[in-house]
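Participant: Structure in structure tokens, see below.
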Amino acid sequence: KNQDVNDGKVLGEEALRYVDRFGKEKNLMEAYTFNAQVVEIKYSGSGSGSTRREATLVLKDSVTGKTWTEGPYDLVIFASQASEPCIPDIPGRKEFKGKIYHSINFKKEQYDDIVKSGKKVVVVGGSKAGCDLALSFQRGGYDKFSWLYRTPYIFWKYEVMFHNRSITNTLRGFTTIVALLMTLVSQRLSGWIQWTSGIAVTHGIGPPHNNWSKFHFGVLCPKQRRDLSSIPKECIIRGNPQAFTETGIRLSDGTNVAADVVLFATGCESGIDKIRLIKDSTPYSLQPTTSMLDHFL
């Protein structure tokens, strides 16, 4: 049996089917709300001299833009770490005549339109999301795309992270724990241990590097790595975006990269600082850098 067909991983479609089955079995379907963004939280007393305090949410449909209110709730838990797209502030954005998307908001309809119209695409970012976007075009046989990044990210190998219990893999797991603890002393030494144990891998052109600031716990399986390596070298561009032009992106070395669509795979933020917070009818402000454990109203 070819383990690399899916490498033992759960397909996205199956994950969605599981959510549906779980919701129906536990009678939770009415508790699910998809394609919704929390734009405001109101927190106040319940009135009539009661000491009980409640919160109501104002939500916005991410597709239609419609807003509505839900609640009151006794407890609201903010658990999102990646709800707000982070797009670099590159000069000249208003001059660009094409479309700009972030990976978190990139939908199948937009992908289909790109392929149908034969648009030139630039994927910006060497992260796992950048890999996924590049793979979507590569596996779809679409060759009118470029993949632009400064430095490729470092990943863990899927088959090493989720391994059998052989002696070799047990020792490798032990060295991984040691390497993670070693980051408290030396990130560089920790990186060399992970490269030596065979758990680390990168992608793209150029030799492997040991800059572990480019590691965000992403994982690549053997099939993903093989498909990434098959992306034509002329599609991969190492460079630093300096400014948008009407027809694409200009790099710091003066190179112009033509694009009808720019897809940013440049990470996300929690987005908690974007939510309007109101406590007892008075606006309440949070600092984006405040520790999450301090985000209590």
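FYI, nothing fancy with the structure tokens labels: chains A, B, ... in order, residues from 1 per chain, ligands from 1 as they appear.
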I'd like to know which residues of region 40-226 of chain A are helix (DSSP H, G or I) (by DSSP, run on the backbone); could you write them as a ChimeraX atom specification?

Facilitator: /A:93-95,103-105,108-117,128-139,158-161,167-182,187-197,212-214,222-226

Participant: Kindly indicate which residue among A:Ile249, A:Val219, A:Ile100, A:Ala15 lies nearest to Lys157 (chain A), using only C-alpha atoms for the distances.

Facilitator: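 Among the listed residues, A:Val219 lies closest to Lys157 (chain A).
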
Participant: Tell me which protein, DNA and RNA residues are within 7 Å of region 114-128 of chain A, counting only C-alpha atoms, leaving out same-chain ones fewer than 4 positions away, and put them as a list in words.

Facilitator: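 Answer for this query is Gln110, Asp132, Ala134, Lys144, Phe145, Ser146, Trp147, Leu148, Tyr149, Thr151, Pro152, Tyr153, Gly218, Ala259, Asp260, Val261, Val262, Leu263, Phe264, Ala265 and Thr266 of chain A.
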
Participant: Step one, run DSSP on the backbone; step two, keep only residues of region 106-241 of chain A assigned to strand (DSSP E); then write them as a count of residues only.

Facilitator: 20

Participant: Residues near region 274-281 of chain A, anyone? I mean within 8 Å using only C-alpha atoms, not counting same-chain ones fewer than 6 positions away, as an MDAnalysis selection string.

Facilitator: chainID A and resid 38:45 297

Participant: Can you spit out the residues from that selection as a JSON list (two decimals), in the first residue's frame, using N, CA, C and O atoms?

Facilitator:
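Result went into selection36.json, see below:
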```json
[["chain", "number", "residue", "atom", "x", "y", "z"],
["A", 38, "VAL", "N", -17.37, 38.30, 14.52],
["A", 38, "VAL", "CA", -17.81, 39.07, 15.67],
["A", 38, "VAL", "C", -17.24, 40.48, 15.54],
["A", 38, "VAL", "O", -16.03, 40.66, 15.51],
["A", 39, "VAL", "N", -18.10, 41.47, 15.45],
["A", 39, "VAL", "CA", -17.64, 42.86, 15.28],
["A", 39, "VAL", "C", -17.81, 43.68, 16.55],
["A", 39, "VAL", "O", -17.18, 44.73, 16.70],
["A", 40, "GLU", "N", -18.65, 43.21, 17.48],
["A", 40, "GLU", "CA", -18.87, 43.98, 18.70],
["A", 40, "GLU", "C", -19.32, 43.07, 19.84],
["A", 40, "GLU", "O", -20.07, 42.11, 19.62],
["A", 41, "ILE", "N", -18.81, 43.35, 21.05],
["A", 41, "ILE", "CA", -19.24, 42.64, 22.25],
["A", 41, "ILE", "C", -19.70, 43.69, 23.26],
["A", 41, "ILE", "O", -18.95, 44.60, 23.60],
["A", 42, "LYS", "N", -20.94, 43.54, 23.73],
["A", 42, "LYS", "CA", -21.50, 44.45, 24.73],
["A", 42, "LYS", "C", -21.65, 43.69, 26.04],
["A", 42, "LYS", "O", -22.26, 42.63, 26.08],
["A", 43, "TYR", "N", -21.09, 44.28, 27.10],
["A", 43, "TYR", "CA", -21.06, 43.62, 28.39],
["A", 43, "TYR", "C", -21.67, 44.55, 29.44],
["A", 43, "TYR", "O", -21.21, 45.68, 29.61],
["A", 44, "SER", "N", -22.71, 44.09, 30.11],
["A", 44, "SER", "CA", -23.36, 44.97, 31.09],
["A", 44, "SER", "C", -24.18, 44.12, 32.06],
["A", 44, "SER", "O", -24.34, 42.91, 31.88],
["A", 45, "GLY", "N", -24.71, 44.81, 33.09],
["A", 45, "GLY", "CA", -25.56, 44.14, 34.05],
["A", 45, "GLY", "C", -26.90, 43.78, 33.43],
["A", 45, "GLY", "O", -27.34, 44.38, 32.44],
["A", 297, "LEU", "N", -12.95, 41.32, 30.58],
["A", 297, "LEU", "CA", -13.74, 42.50, 30.85],
["A", 297, "LEU", "C", -14.39, 42.43, 32.23],
["A", 297, "LEU", "O", -14.95, 43.42, 32.68]]
```

Participant: Of the residues A:Phe174, A:Phe22, A:Trp212, A:Tyr73, which is the one nearest to Arg188 (chain A), using only C-alpha atoms?

Facilitator: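 Checking each of A:Phe174, A:Phe22, A:Trp212, A:Tyr73 against Arg188 (chain A), counting only C-alpha atoms, the winner is A:Trp212.
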
Participant: Name all residues at most 12 Å from Thr183 (chain A) (count only C-alpha atoms; drop same-chain ones fewer than 4 positions away) and give them as a list of chain:residue names.

Facilitator: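 The residues that qualify are A:Thr176, A:Ile177, A:Val178, A:Ala179, A:Gln187, A:Arg188, A:Leu189, A:Ser190, A:Gly191, A:Trp192, A:Ile193, A:Gln194, A:Trp212, A:Ser213.
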
Participant: Just write the chosen residues, C-alpha atoms, as a PDB file, in the first residue's frame.

Facilitator:
```
ATOM      1  CA  THR A 176      13.323  16.582  19.153  1.00  0.00           C
ATOM      2  CA  ILE A 177      12.315  17.140  22.781  1.00  0.00           C
ATOM      3  CA  VAL A 178      15.932  17.994  23.628  1.00  0.00           C
ATOM      4  CA  ALA A 179      16.078  20.395  20.667  1.00  0.00           C
ATOM      5  CA  GLN A 187      17.943  28.733  18.826  1.00  0.00           C
ATOM      6  CA  ARG A 188      20.757  28.071  16.377  1.00  0.00           C
ATOM      7  CA  LEU A 189      22.018  24.989  18.246  1.00  0.00           C
ATOM      8  CA  SER A 190      18.453  23.711  18.547  1.00  0.00           C
ATOM      9  CA  GLY A 191      18.114  24.093  14.790  1.00  0.00           C
ATOM     10  CA  TRP A 192      21.250  22.108  14.068  1.00  0.00           C
ATOM     11  CA  ILE A 193      19.992  19.275  16.283  1.00  0.00           C
ATOM     12  CA  GLN A 194      16.690  19.161  14.369  1.00  0.00           C
ATOM     13  CA  TRP A 212      14.484  29.313  12.887  1.00  0.00           C
ATOM     14  CA  SER A 213      12.588  32.562  13.056  1.00  0.00           C
TER      15      SER A 213
END
```

Participant: Could you check how far CA of Gln242 (chain A) sits from CA of Ile104 (chain A), in Å to one decimal?

Facilitator: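 Answer for the CA of Gln242 (chain A) to CA of Ile104 (chain A) separation: 22.9 Å.
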
Participant: Give the answer as one residue: which of A:Gln37, A:Asn169, A:Ile231, A:Arg250 has the shortest atom-to-atom distance to Ser80 (chain A), using only C-alpha atoms?

Facilitator: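 The closest residue to Ser80 (chain A) is A:Gln37.
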